[in-house]
$ cat start18.cif   # mmCIF, C-alpha atoms and all ligand atoms
data_target
loop_
_atom_site.label_atom_id
_atom_site.label_comp_id
_atom_site.auth_asym_id
_atom_site.auth_seq_id
_atom_site.Cartn_x
_atom_site.Cartn_y
_atom_site.Cartn_z
CA MET H 1 -24.88 9.10 -3.83
CA GLY H 2 -24.10 11.00 -7.00
CA LEU H 3 -21.47 11.96 -9.52
CA ILE H 4 -20.54 15.58 -8.89
CA VAL H 5 -18.18 17.99 -10.63
CA GLN H 6 -17.07 20.94 -8.49
CA LYS H 7 -15.18 23.96 -9.82
CA TYR H 8 -13.33 26.34 -7.52
CA GLY H 9 -12.47 29.79 -8.90
CA GLY H 10 -9.29 31.78 -8.35
CA THR H 11 -10.33 33.67 -5.23
CA SER H 12 -11.57 30.41 -3.65
CA VAL H 13 -8.04 28.95 -3.88
CA GLY H 14 -6.17 32.27 -3.55
CA THR H 15 -4.11 31.26 -0.48
CA LEU H 16 -2.92 28.00 1.09
CA GLU H 17 -5.45 28.56 3.87
CA LYS H 18 -8.25 28.80 1.31
CA ILE H 19 -6.96 25.68 -0.44
CA LYS H 20 -7.23 23.84 2.86
CA ASN H 21 -10.85 25.00 3.26
CA VAL H 22 -11.73 23.90 -0.24
CA CYS H 23 -10.17 20.48 0.43
CA LYS H 24 -12.30 20.16 3.53
CA HIS H 25 -15.44 20.70 1.46
CA ILE H 26 -14.26 18.23 -1.20
CA LYS H 27 -13.62 15.67 1.52
CA GLU H 28 -17.09 16.16 2.98
CA THR H 29 -18.67 15.74 -0.44
CA LYS H 30 -16.73 12.51 -0.96
CA GLU H 31 -17.62 11.20 2.50
CA LYS H 32 -21.31 11.58 1.71
CA GLY H 33 -20.73 8.75 -0.76
CA ASN H 34 -20.38 10.85 -3.92
CA LYS H 35 -17.88 10.40 -6.71
CA VAL H 36 -16.13 13.73 -7.11
CA VAL H 37 -14.25 15.43 -9.94
CA VAL H 38 -12.82 18.86 -9.19
CA THR H 39 -11.71 21.62 -11.56
CA ILE H 40 -9.39 24.25 -10.13
CA SER H 41 -8.58 27.75 -11.42
CA ALA H 42 -5.24 29.43 -11.00
CA MET H 43 -4.77 31.13 -7.63
CA ALA H 44 -6.28 34.65 -7.68
CA GLY H 45 -4.14 37.14 -9.62
CA GLU H 46 -1.80 34.46 -10.95
CA THR H 47 -3.00 34.56 -14.57
CA ASP H 48 -2.85 38.38 -14.63
CA LYS H 49 0.68 38.26 -13.21
CA LEU H 50 1.82 35.87 -15.95
CA VAL H 51 0.22 38.05 -18.65
CA GLU H 52 2.00 41.10 -17.23
CA MET H 53 5.35 39.33 -17.26
CA ALA H 54 4.93 38.34 -20.92
CA TYR H 55 3.99 41.88 -21.96
CA ALA H 56 6.94 43.28 -20.03
CA LEU H 57 9.13 41.30 -22.41
CA SER H 58 7.24 41.75 -25.66
CA LYS H 59 4.53 44.00 -27.14
CA SER H 60 3.01 41.05 -28.97
CA PRO H 61 3.99 37.75 -27.37
CA LYS H 62 3.27 34.68 -29.49
CA GLU H 63 -0.09 33.19 -28.61
CA ARG H 64 1.28 29.65 -28.60
CA GLU H 65 3.78 30.63 -25.90
CA MET H 66 1.16 32.60 -23.97
CA ASP H 67 -0.93 29.43 -23.71
CA LEU H 68 1.96 27.40 -22.39
CA LEU H 69 2.73 30.14 -19.89
CA LEU H 70 -0.85 30.75 -18.68
CA SER H 71 -1.74 27.06 -18.38
CA SER H 72 0.91 26.77 -15.67
CA GLY H 73 -1.24 28.73 -13.18
CA GLU H 74 -3.89 25.99 -13.13
CA ARG H 75 -1.26 23.25 -12.94
CA ILE H 76 0.15 24.74 -9.76
CA SER H 77 -3.20 25.14 -7.98
CA SER H 78 -4.47 21.69 -9.06
CA ALA H 79 -1.33 19.99 -7.84
CA LEU H 80 -1.51 21.85 -4.52
CA VAL H 81 -5.12 20.76 -3.99
CA ALA H 82 -4.23 17.13 -4.77
CA ILE H 83 -1.22 17.29 -2.45
CA TYR H 84 -3.31 18.54 0.45
CA LEU H 85 -6.19 16.12 -0.17
CA ASN H 86 -3.76 13.20 0.05
CA GLU H 87 -2.20 14.68 3.16
CA PHE H 88 -5.71 14.91 4.54
CA GLY H 89 -6.46 11.23 3.91
CA VAL H 90 -8.37 11.61 0.62
CA LYS H 91 -7.03 9.64 -2.34
CA ALA H 92 -6.64 12.23 -5.09
CA ALA H 93 -4.70 12.79 -8.32
CA ALA H 94 -4.32 15.93 -10.42
CA LEU H 95 -4.35 15.91 -14.21
CA THR H 96 -3.38 18.59 -16.74
CA GLY H 97 -5.62 19.19 -19.75
CA ARG H 98 -3.36 16.97 -21.81
CA GLN H 99 -3.40 14.16 -19.25
CA CYS H 100 -7.16 13.95 -19.28
CA GLY H 101 -7.42 14.21 -23.03
CA ILE H 102 -9.08 17.61 -23.37
CA VAL H 103 -8.72 18.17 -27.10
CA THR H 104 -9.47 21.62 -28.53
CA ASP H 105 -9.28 23.42 -31.85
CA SER H 106 -6.07 25.33 -32.48
CA ALA H 107 -7.33 28.89 -31.75
CA HIS H 108 -4.62 29.72 -29.22
CA THR H 109 -5.77 31.84 -26.22
CA LYS H 110 -9.47 31.16 -26.97
CA ALA H 111 -9.64 27.52 -28.00
CA ARG H 112 -12.88 25.55 -28.07
CA ILE H 113 -13.13 22.09 -26.52
CA LYS H 114 -13.82 19.41 -29.15
CA ASN H 115 -13.48 16.22 -27.14
CA ILE H 116 -12.71 14.90 -23.66
CA ASP H 117 -11.48 11.41 -22.85
CA ALA H 118 -14.14 10.51 -20.29
CA LYS H 119 -12.79 6.97 -19.89
CA LYS H 120 -9.65 8.04 -18.10
CA ILE H 121 -11.56 10.12 -15.54
CA LEU H 122 -14.22 7.42 -15.08
CA ASN H 123 -11.57 4.73 -14.52
CA MET H 124 -9.89 6.83 -11.87
CA LEU H 125 -13.24 7.44 -10.16
CA GLU H 126 -13.79 3.69 -10.22
CA ASP H 127 -10.44 3.33 -8.41
CA ASN H 128 -11.87 5.64 -5.75
CA TYR H 129 -9.81 8.72 -6.64
CA VAL H 130 -11.00 12.28 -6.35
CA VAL H 131 -9.90 13.47 -9.79
CA ILE H 132 -8.55 17.00 -9.98
CA VAL H 133 -8.62 18.48 -13.49
CA ALA H 134 -6.57 21.60 -14.15
CA GLY H 135 -8.96 24.20 -15.57
CA PHE H 136 -8.68 26.49 -18.59
CA GLN H 137 -6.50 24.27 -20.80
CA GLY H 138 -6.38 21.57 -23.41
CA ILE H 139 -4.25 20.45 -26.34
CA SER H 140 -4.69 21.39 -29.97
CA GLU H 141 -6.06 18.64 -32.20
CA ASP H 142 -3.70 19.69 -35.02
CA THR H 143 -0.40 20.20 -33.28
CA GLY H 144 -0.73 18.73 -29.80
CA ASP H 145 0.38 22.09 -28.40
CA VAL H 146 -1.08 23.41 -25.14
CA THR H 147 -4.09 25.68 -25.67
CA THR H 148 -6.17 27.78 -23.27
CA LEU H 149 -9.90 28.40 -23.36
CA GLY H 150 -10.10 32.19 -22.93
CA ARG H 151 -10.30 34.15 -19.67
CA GLY H 152 -12.66 32.54 -17.20
CA GLY H 153 -12.21 29.25 -19.07
CA SER H 154 -12.09 26.98 -16.01
CA ASP H 155 -15.89 27.25 -15.86
CA THR H 156 -15.98 25.67 -19.30
CA THR H 157 -13.54 22.92 -18.33
CA ALA H 158 -15.80 22.02 -15.40
CA VAL H 159 -19.08 21.95 -17.30
CA ALA H 160 -17.54 20.18 -20.33
CA VAL H 161 -16.05 17.49 -18.04
CA ALA H 162 -19.40 17.16 -16.26
CA CYS H 163 -21.12 16.62 -19.62
CA ALA H 164 -18.46 14.15 -20.81
CA ILE H 165 -18.73 11.93 -17.71
CA LYS H 166 -22.54 12.45 -17.45
CA ALA H 167 -22.34 13.92 -13.95
CA ASP H 168 -25.52 14.68 -12.02
CA VAL H 169 -24.60 18.31 -11.47
CA CYS H 170 -21.79 20.81 -12.02
CA GLU H 171 -21.22 23.05 -9.00
CA ILE H 172 -19.38 26.34 -9.61
CA TYR H 173 -17.91 27.68 -6.35
CA THR H 174 -17.00 31.35 -6.46
CA ASP H 175 -16.74 34.56 -4.43
CA VAL H 176 -20.44 35.48 -4.79
CA ASP H 177 -23.31 33.34 -3.57
CA GLY H 178 -25.07 33.09 -6.91
CA VAL H 179 -26.09 34.91 -10.05
CA TYR H 180 -27.49 38.35 -9.30
CA THR H 181 -29.74 40.73 -11.23
CA ALA H 182 -26.55 42.79 -11.85
CA ASP H 183 -22.94 42.64 -10.74
CA PRO H 184 -23.32 42.99 -6.94
CA ARG H 185 -20.01 44.86 -6.87
CA ILE H 186 -21.62 47.71 -8.81
CA VAL H 187 -25.27 47.56 -7.79
CA GLU H 188 -25.72 47.40 -4.06
CA LYS H 189 -29.42 46.66 -4.49
CA ALA H 190 -28.83 43.66 -6.80
CA ARG H 191 -30.91 40.58 -5.92
CA LYS H 192 -29.78 36.98 -5.98
CA LEU H 193 -31.75 34.78 -8.40
CA ASP H 194 -32.69 31.27 -7.26
CA LYS H 195 -32.97 30.07 -10.84
CA ILE H 196 -32.08 31.43 -14.24
CA THR H 197 -32.59 29.92 -17.71
CA TYR H 198 -29.62 28.79 -19.79
CA GLU H 199 -30.72 31.26 -22.44
CA GLU H 200 -30.69 34.25 -20.12
CA MET H 201 -27.42 33.17 -18.49
CA MET H 202 -25.85 32.81 -21.92
CA GLU H 203 -26.85 36.36 -22.83
CA LEU H 204 -25.64 37.75 -19.49
CA ALA H 205 -22.32 35.90 -19.89
CA SER H 206 -21.82 37.00 -23.47
CA LEU H 207 -22.67 40.58 -22.53
CA GLY H 208 -19.99 40.75 -19.85
CA SER H 209 -21.22 39.13 -16.61
CA LYS H 210 -18.12 37.14 -15.85
CA VAL H 211 -19.70 34.96 -13.14
CA LEU H 212 -19.81 32.16 -15.76
CA GLN H 213 -17.90 31.93 -19.02
CA ILE H 214 -20.36 31.80 -21.92
CA ARG H 215 -19.09 28.53 -23.33
CA SER H 216 -19.72 26.77 -20.05
CA VAL H 217 -23.39 27.75 -20.32
CA GLU H 218 -23.47 26.63 -23.97
CA PHE H 219 -22.22 23.18 -22.93
CA GLY H 220 -24.73 23.06 -20.07
CA MET H 221 -27.62 23.91 -22.35
CA LYS H 222 -26.58 21.48 -25.07
CA TYR H 223 -26.20 18.52 -22.72
CA ARG H 224 -28.89 19.55 -20.20
CA MET H 225 -26.36 19.73 -17.38
CA PRO H 226 -27.67 21.53 -14.27
CA ILE H 227 -25.16 24.20 -13.23
CA MET H 228 -25.27 25.51 -9.67
CA VAL H 229 -23.41 28.72 -8.78
CA ILE H 230 -22.49 28.64 -5.08
CA SER H 231 -20.39 30.69 -2.65
CA SER H 232 -17.18 29.00 -1.57
CA TYR H 233 -17.42 30.91 1.71
CA THR H 234 -20.90 29.94 2.91
CA TYR H 235 -21.76 26.92 0.72
CA ASN H 236 -25.41 28.03 0.92
CA PRO H 237 -27.71 27.08 -1.95
CA GLY H 238 -26.94 29.49 -4.79
CA THR H 239 -28.41 29.91 -8.27
CA LEU H 240 -29.46 27.02 -10.48
CA VAL H 241 -28.97 27.51 -14.22
CA THR H 242 -31.60 25.36 -15.86
CA TRP H 243 -34.51 25.09 -18.29
CA GLU H 244 -37.41 27.51 -18.38
CA ASP H 245 -40.32 26.10 -16.38
CA GLU H 246 -43.71 27.26 -15.15
CA ASN H 247 -42.48 28.08 -11.66
CA MET H 248 -39.86 30.46 -12.92
CA GLU H 249 -40.34 34.19 -12.51
CA LYS H 250 -41.09 35.48 -16.00
CA ALA H 251 -39.62 38.90 -15.36
CA LEU H 252 -39.61 41.32 -18.24
CA VAL H 253 -35.95 41.97 -17.51
CA SER H 254 -34.06 39.44 -15.37
CA GLY H 255 -30.68 41.07 -15.33
CA ILE H 256 -28.43 43.95 -16.35
CA ALA H 257 -24.98 43.19 -17.75
CA HIS H 258 -22.09 45.50 -18.45
CA ASP H 259 -18.83 45.17 -20.33
CA LYS H 260 -15.90 47.56 -20.34
CA ASN H 261 -13.81 45.46 -22.70
CA GLN H 262 -15.12 47.37 -25.70
CA ALA H 263 -13.68 49.57 -28.43
CA ARG H 264 -15.33 51.16 -31.45
CA ILE H 265 -13.65 51.22 -34.82
CA THR H 266 -15.00 53.53 -37.53
CA ILE H 267 -13.90 53.30 -41.14
CA VAL H 268 -14.54 56.66 -42.70
CA LYS H 269 -15.64 57.32 -46.29
CA VAL H 270 -15.99 53.77 -47.52
CA PRO H 271 -17.03 53.55 -51.21
CA ASP H 272 -20.64 52.29 -51.09
CA LYS H 273 -20.42 49.30 -53.40
CA PRO H 274 -20.77 45.51 -53.16
CA GLY H 275 -17.89 43.66 -51.55
CA THR H 276 -16.42 46.31 -49.24
CA SER H 277 -18.01 44.98 -46.03
CA ALA H 278 -17.03 41.45 -47.02
CA LYS H 279 -13.39 42.60 -47.36
CA ILE H 280 -13.34 44.42 -44.03
CA PHE H 281 -15.07 41.77 -41.95
CA GLY H 282 -13.48 38.86 -43.81
CA ALA H 283 -10.02 40.16 -42.85
CA ILE H 284 -11.08 40.61 -39.23
CA ALA H 285 -12.64 37.16 -39.01
CA GLU H 286 -9.51 35.60 -40.43
CA LYS H 287 -7.57 36.99 -37.44
CA ASN H 288 -10.19 35.51 -35.10
CA ILE H 289 -11.28 38.91 -33.73
CA ASN H 290 -14.91 38.96 -32.54
CA VAL H 291 -16.96 41.76 -34.02
CA ASP H 292 -20.07 42.69 -32.09
CA VAL H 293 -22.25 45.71 -32.96
CA ILE H 294 -22.07 46.89 -36.59
CA VAL H 295 -23.61 50.13 -37.87
CA GLN H 296 -23.43 51.41 -41.43
CA ASN H 297 -24.53 54.98 -42.08
CA ALA H 298 -26.86 55.95 -44.93
CA SER H 299 -24.89 56.46 -48.10
CA GLU H 300 -24.05 60.01 -49.15
CA GLU H 301 -22.65 60.73 -52.60
CA GLY H 302 -21.52 57.14 -52.98
CA TYR H 303 -19.71 56.96 -49.64
CA THR H 304 -20.64 55.64 -46.22
CA ASP H 305 -19.06 55.24 -42.75
CA ILE H 306 -18.96 51.82 -41.12
CA SER H 307 -18.59 51.51 -37.33
CA PHE H 308 -18.28 48.33 -35.31
CA THR H 309 -17.14 47.20 -31.88
CA VAL H 310 -14.40 44.72 -30.98
CA PRO H 311 -12.97 43.65 -27.60
CA ARG H 312 -10.78 46.55 -26.42
CA ASN H 313 -7.79 44.26 -25.97
CA GLU H 314 -7.97 43.38 -29.68
CA ALA H 315 -8.54 46.89 -31.05
CA ASP H 316 -4.86 47.52 -31.84
CA LYS H 317 -4.60 44.22 -33.68
CA ALA H 318 -7.73 45.12 -35.69
CA TYR H 319 -6.37 48.60 -36.44
CA ASP H 320 -3.06 47.23 -37.71
CA LEU H 321 -4.68 44.83 -40.10
CA LEU H 322 -7.26 47.35 -41.36
CA LYS H 323 -4.53 49.81 -42.36
CA SER H 324 -3.85 47.82 -45.50
CA ILE H 325 -7.51 46.95 -46.10
CA ILE H 326 -8.60 50.62 -46.29
CA LYS H 327 -6.05 51.18 -49.05
CA GLU H 328 -7.46 48.20 -50.95
CA ILE H 329 -11.04 49.43 -50.74
CA SER H 330 -10.08 53.12 -51.11
CA ALA H 331 -11.62 54.21 -47.81
CA SER H 332 -10.35 57.37 -46.18
CA GLU H 333 -9.29 56.63 -42.58
CA ILE H 334 -9.77 54.55 -39.43
CA GLU H 335 -10.81 55.97 -36.07
CA VAL H 336 -10.51 53.97 -32.85
CA ARG H 337 -12.36 54.91 -29.67
CA LYS H 338 -11.50 53.00 -26.48
CA ASP H 339 -13.46 55.00 -23.87
CA ILE H 340 -16.73 53.19 -24.50
CA ALA H 341 -18.62 50.40 -22.75
CA LYS H 342 -21.71 48.29 -23.26
CA VAL H 343 -24.74 48.09 -20.99
CA SER H 344 -27.42 45.47 -21.67
CA ILE H 345 -30.78 44.35 -20.38
CA VAL H 346 -31.68 40.65 -20.62
CA GLY H 347 -34.93 38.77 -20.09
CA VAL H 348 -37.04 36.05 -21.71
CA GLY H 349 -40.13 38.12 -20.84
CA MET H 350 -39.11 40.64 -23.53
CA ARG H 351 -40.23 38.27 -26.25
CA SER H 352 -43.86 38.99 -25.61
CA HIS H 353 -43.64 42.61 -24.48
CA PRO H 354 -43.01 45.50 -26.84
CA GLY H 355 -41.71 48.79 -25.50
CA VAL H 356 -38.85 47.41 -23.41
CA ALA H 357 -36.18 48.99 -25.61
CA ALA H 358 -37.98 52.34 -25.56
CA LYS H 359 -38.04 52.23 -21.75
CA MET H 360 -34.30 51.54 -21.70
CA PHE H 361 -33.54 54.48 -24.02
CA GLY H 362 -35.82 56.74 -21.97
CA THR H 363 -34.08 55.76 -18.74
CA LEU H 364 -30.65 56.54 -20.18
CA ALA H 365 -31.91 59.84 -21.62
CA LYS H 366 -33.26 60.89 -18.22
CA GLU H 367 -29.74 60.46 -16.80
CA GLY H 368 -28.30 62.52 -19.68
CA ILE H 369 -26.47 59.52 -21.12
CA ASN H 370 -25.95 59.58 -24.87
CA ILE H 371 -26.33 56.29 -26.77
CA LEU H 372 -23.61 55.71 -29.35
CA MET H 373 -24.79 52.39 -30.80
CA ILE H 374 -27.68 49.98 -30.24
CA THR H 375 -28.15 46.29 -30.87
CA THR H 376 -31.05 44.00 -30.01
CA SER H 377 -32.01 40.34 -30.10
CA GLU H 378 -35.14 38.50 -29.00
CA ILE H 379 -34.21 38.58 -25.32
CA LYS H 380 -31.72 41.47 -24.97
CA VAL H 381 -31.10 45.10 -25.78
CA SER H 382 -27.57 46.51 -25.63
CA CYS H 383 -26.40 50.11 -25.81
CA ILE H 384 -22.87 51.35 -26.34
CA ILE H 385 -22.25 54.42 -24.20
CA GLU H 386 -19.29 56.41 -22.89
CA GLU H 387 -17.46 54.37 -20.27
CA LYS H 388 -17.63 57.15 -17.68
CA TYR H 389 -21.43 56.73 -17.48
CA LEU H 390 -21.40 52.95 -17.21
CA GLU H 391 -22.04 52.46 -13.50
CA LEU H 392 -24.70 55.18 -13.48
CA ALA H 393 -26.42 53.47 -16.42
CA VAL H 394 -26.38 50.02 -14.78
CA ARG H 395 -27.87 51.37 -11.55
CA ALA H 396 -30.52 53.49 -13.28
CA LEU H 397 -31.68 50.56 -15.44
CA HIS H 398 -31.70 48.23 -12.44
CA THR H 399 -34.10 50.58 -10.66
CA ALA H 400 -36.19 51.40 -13.75
CA PHE H 401 -36.91 47.73 -14.47
CA GLY H 402 -37.95 47.02 -10.87
CA LEU H 403 -34.97 44.82 -9.99
CA ASP H 404 -33.83 46.60 -6.80
CA LYS H 405 -34.19 44.51 -3.66
CA GLU H 406 -36.64 45.78 -1.08
P1 LIG O 501 -14.01 33.01 -10.17
O1 LIG O 501 -12.61 33.43 -9.92
O2 LIG O 501 -14.62 32.24 -9.04
O3 LIG O 501 -14.20 32.35 -11.50
P2 LIG O 501 -15.04 35.48 -11.29
O4 LIG O 501 -14.38 36.71 -10.79
O5 LIG O 501 -14.65 34.98 -12.63
O6 LIG O 501 -14.87 34.35 -10.18
O7 LIG O 501 -16.63 35.67 -11.28
C1 LIG O 501 -17.29 36.09 -10.13
C2 LIG O 501 -17.55 37.60 -10.20
O8 LIG O 501 -18.50 37.87 -11.23
C3 LIG O 501 -18.18 38.20 -8.98
O9 LIG O 501 -17.22 38.53 -8.01
C4 LIG O 501 -18.93 39.41 -9.51
O10 LIG O 501 -18.25 40.62 -9.29
C5 LIG O 501 -18.97 39.18 -11.01
N1 LIG O 501 -20.32 39.31 -11.58
C6 LIG O 501 -20.64 40.02 -12.68
N2 LIG O 501 -21.94 39.97 -12.94
C7 LIG O 501 -22.49 39.20 -11.98
C8 LIG O 501 -23.83 38.77 -11.70
N3 LIG O 501 -24.86 39.13 -12.48
N4 LIG O 501 -24.03 37.96 -10.63
C9 LIG O 501 -23.01 37.59 -9.84
N5 LIG O 501 -21.72 37.98 -10.05
C10 LIG O 501 -21.45 38.76 -11.11
N1 LIG O 502 -7.12 31.45 -14.68
C1 LIG O 502 -7.92 31.79 -15.83
C2 LIG O 502 -8.31 33.25 -15.79
O1 LIG O 502 -7.95 33.96 -14.86
C3 LIG O 502 -9.10 30.89 -16.00
C4 LIG O 502 -10.12 30.95 -14.90
O2 LIG O 502 -9.86 31.42 -13.80
O3 LIG O 502 -11.24 30.47 -15.13
O4 LIG O 502 -8.96 33.72 -16.67
MG MG O 503 -14.36 33.09 -13.46
#
$ encode --input "start18.cif" --output "structure tokens"
Amino acid sequence: MGLIVQKYGGTSVGTLEKIKNVCKHIKETKEKGNKVVVTISAMAGETDKLVEMAYALSKSPKEREMDLLLSSGERISSALVAIYLNEFGVKAAALTGRQCGIVTDSAHTKARIKNIDAKKILNMLEDNYVVIVAGFQGISEDTGDVTTLGRGGSDTTAVAVACAIKADVCEIYTDVDGVYTADPRIVEKARKLDKITYEEMMELASLGSKVLQIRSVEFGMKYRMPIMVISSYTYNPGTLVTWEDENMEKALVSGIAHDKNQARITIVKVPDKPGTSAKIFGAIAEKNINVDVIVQNASEEGYTDISFTVPRNEADKAYDLLKSIIKEISASEIEVRKDIAKVSIVGVGMRSHPGVAAKMFGTLAKEGINILMITTSEIKVSCIIEEKYLELAVRALHTAFGLDKE
């Protein structure tokens, strides 16, 4: 008998039929004597539909209202699951983020969880309820307004709740049967991993593998919560995200990630003097836009060009705010390029092996793919390339680093 948190993603609850299947699995888990908390995502496509409706009415809908709107998707699916569980003879109750005291900061549309009221959930478990927690949402600590946790945020709700109630495991049910060496939708020869370290999973998630939201892995690592990624179709053992141990494959490269949500901004002819970068990046940080790769060219006659990448869906916002900044710092112009993407290799084995980056660059060169920007850390190398070459790059790297299945 254990304390289990299960999270079901959008495709797993995409139709009423699928909701019934999920409820069957929840019931079985409960009947094995476990206490069960369930986090539910919005039904597949629902969040996108709501976003589309908002943008049909406004070019820049207020983020506070977007959060209220988008949080409704998870309310609907959670309530439907609770309704069917009760119908099915399982005592269950659904809670919104507010109802179970998920308090976040006030960064609307990408809020971070600060606290969860574990007592309420634990009391309900004690009363023999299956507790259904609506994913992806909380309330702002400052204003009490509804916030959301960023796309894919139900993963984070699930793992954060699991940590708060000290569950034995957090099971993430989705439409793939685990974490693969690359997105199996792009690389046919991708292999399923039985185990992956938190560190590697965090890199893969932050570099674009959307199978888990990065913050869910951060929570897991911080509180040592085992996370299991499992198929909601087969329920076969999937991939365990856990600590590095001796039995783990120490592959040089464990996975390839890709991310199309990228844009490059170049500020041309920036006076090369102290304070200009601070002005540019200070303004961007103030608007909560994440900057990723930054490259500054060698100075020529007192001027330099600065290029950096931002999420593509925030490039227009960055451009608008930089228009006034370039006047302030007397730079010449801003160029925005949206047809780029990022491909990355990740692996803890890289720490002790030089030459991995060179092999990556060589592989891309052999395919005739030009590298626009490069960034590295201890366990990853990322290249920005033209988007049209992305799938070719992912496949070529997958083969070059020996990841293809037999
Ligand atoms: P859910 O709705 O269940 O949260 P997501 O669509 O957010 O599901 O995440 C699952 C998807 O992640 C898969 O369908 C797959 O295409 C994609 N994906 C990307 N990279 C990987 C990877 N390395 N391993 C497994 N799936 C991946
Ligand atoms: N419904 C939200 C999204 O589509 C959150 C999630 O599914 O995890 O991003
Ligand atoms: Mg997801």
$ residues_near_ligand --input "start18.cif" --ligand "ligand LIG 501 (chain O)" --cutoff "6 Å" --atoms "all atoms listed in the file" --output "list in words"
Gly9, Gly10, Thr11, Gly152, Thr174, Asp175, Val176, Gly178, Val179, Tyr180, Thr181, Ala182, Asp183, Arg185, Ser209, Lys210 and Val211 of chain H
$ atom_distance --input "start18.cif" --atom1 "atom CA of Ile102 of chain H" --atom2 "atom CA of Met43 of chain H"
21.2 Å
$ residues_near_ligand --input "start18.cif" --ligand "ligand MG 503 (chain O)" --cutoff "12 Å" --atoms "only C-alpha atoms and all ligand atoms" --output "number ranges by chain"
H: 7-12, 39-45, 47, 135-136, 149-158, 172-176, 205, 208-216, 229
$ residues_around --input "start18.cif" --residues "Ile369 of chain H" --least-positions-apart "4" --cutoff "8 Å" --atoms "all atoms listed in the file" --output "PyMOL selection string"
chain H and resi 364-365+385+389+393
$ write_last_selection --input "start18.cif" --atoms "C-alpha atoms" --output "short mmCIF file (atom, residue, chain, number, x, y, z; two decimals), keeping the file's coordinate frame"
data_model
loop_
_atom_site.label_atom_id
_atom_site.label_comp_id
_atom_site.auth_asym_id
_atom_site.auth_seq_id
_atom_site.Cartn_x
_atom_site.Cartn_y
_atom_site.Cartn_z
CA LEU H 364 -30.65 56.54 -20.18
CA ALA H 365 -31.91 59.84 -21.62
CA ILE H 385 -22.25 54.42 -24.20
CA TYR H 389 -21.43 56.73 -17.48
CA ALA H 393 -26.42 53.47 -16.42
#
$ axis_aligned_box --input "start18.cif" --around "ligand LIG 502 (chain O)" --padding-each-side "5 Å" --output "lines of an AutoDock Vina configuration file"
center_x = -9.2
center_y = 32.2
center_z = -15.2
size_x = 14.1
size_y = 13.5
size_z = 12.9
$ residues_around --input "start18.cif" --residues "segment 27-35 of chain H" --least-positions-apart "6" --cutoff "12 Å" --atoms "all atoms listed in the file" --output "ChimeraX atom specification"
/H:1-6,20-21,81-82,84-92,121-132,162,165-169,171,235
$ write_last_selection --input "start18.cif" --atoms "C-alpha atoms" --output "mmCIF file, keeping the file's coordinate frame"
data_model
loop_
_atom_site.group_PDB
_atom_site.id
_atom_site.type_symbol
_atom_site.label_atom_id
_atom_site.label_comp_id
_atom_site.auth_asym_id
_atom_site.auth_seq_id
_atom_site.Cartn_x
_atom_site.Cartn_y
_atom_site.Cartn_z
ATOM 1 C CA MET H 1 -24.880 9.100 -3.830
ATOM 2 C CA GLY H 2 -24.100 11.000 -7.000
ATOM 3 C CA LEU H 3 -21.470 11.960 -9.520
ATOM 4 C CA ILE H 4 -20.540 15.580 -8.890
ATOM 5 C CA VAL H 5 -18.180 17.990 -10.630
ATOM 6 C CA GLN H 6 -17.070 20.940 -8.490
ATOM 7 C CA LYS H 20 -7.230 23.840 2.860
ATOM 8 C CA ASN H 21 -10.850 25.000 3.260
ATOM 9 C CA VAL H 81 -5.120 20.760 -3.990
ATOM 10 C CA ALA H 82 -4.230 17.130 -4.770
ATOM 11 C CA TYR H 84 -3.310 18.540 0.450
ATOM 12 C CA LEU H 85 -6.190 16.120 -0.170
ATOM 13 C CA ASN H 86 -3.760 13.200 0.050
ATOM 14 C CA GLU H 87 -2.200 14.680 3.160
ATOM 15 C CA PHE H 88 -5.710 14.910 4.540
ATOM 16 C CA GLY H 89 -6.460 11.230 3.910
ATOM 17 C CA VAL H 90 -8.370 11.610 0.620
ATOM 18 C CA LYS H 91 -7.030 9.640 -2.340
ATOM 19 C CA ALA H 92 -6.640 12.230 -5.090
ATOM 20 C CA ILE H 121 -11.560 10.120 -15.540
ATOM 21 C CA LEU H 122 -14.220 7.420 -15.080
ATOM 22 C CA ASN H 123 -11.570 4.730 -14.520
ATOM 23 C CA MET H 124 -9.890 6.830 -11.870
ATOM 24 C CA LEU H 125 -13.240 7.440 -10.160
ATOM 25 C CA GLU H 126 -13.790 3.690 -10.220
ATOM 26 C CA ASP H 127 -10.440 3.330 -8.410
ATOM 27 C CA ASN H 128 -11.870 5.640 -5.750
ATOM 28 C CA TYR H 129 -9.810 8.720 -6.640
ATOM 29 C CA VAL H 130 -11.000 12.280 -6.350
ATOM 30 C CA VAL H 131 -9.900 13.470 -9.790
ATOM 31 C CA ILE H 132 -8.550 17.000 -9.980
ATOM 32 C CA ALA H 162 -19.400 17.160 -16.260
ATOM 33 C CA ILE H 165 -18.730 11.930 -17.710
ATOM 34 C CA LYS H 166 -22.540 12.450 -17.450
ATOM 35 C CA ALA H 167 -22.340 13.920 -13.950
ATOM 36 C CA ASP H 168 -25.520 14.680 -12.020
ATOM 37 C CA VAL H 169 -24.600 18.310 -11.470
ATOM 38 C CA GLU H 171 -21.220 23.050 -9.000
ATOM 39 C CA TYR H 235 -21.760 26.920 0.720
#
$ residues_around --input "start18.cif" --residues "segment 257-272 of chain H" --least-positions-apart "2" --cutoff "6 Å" --atoms "only C-alpha atoms" --output "PyMOL selection string"
chain H and resi 204+207-209+302-312+331-338+341-344
$ closest_residue --input "start18.cif" --among "H:Ala160, H:Ile384, H:Met201, H:Leu68" --to "Asp292 of chain H" --atoms "only C-alpha atoms"
H:Ile384
$ residues_around --input "start18.cif" --residues "segment 221-227 of chain H" --least-positions-apart "3" --cutoff "7 Å" --atoms "all atoms listed in the file" --output "PyMOL selection string"
chain H and resi 163+169-171+198+217-218+240-242
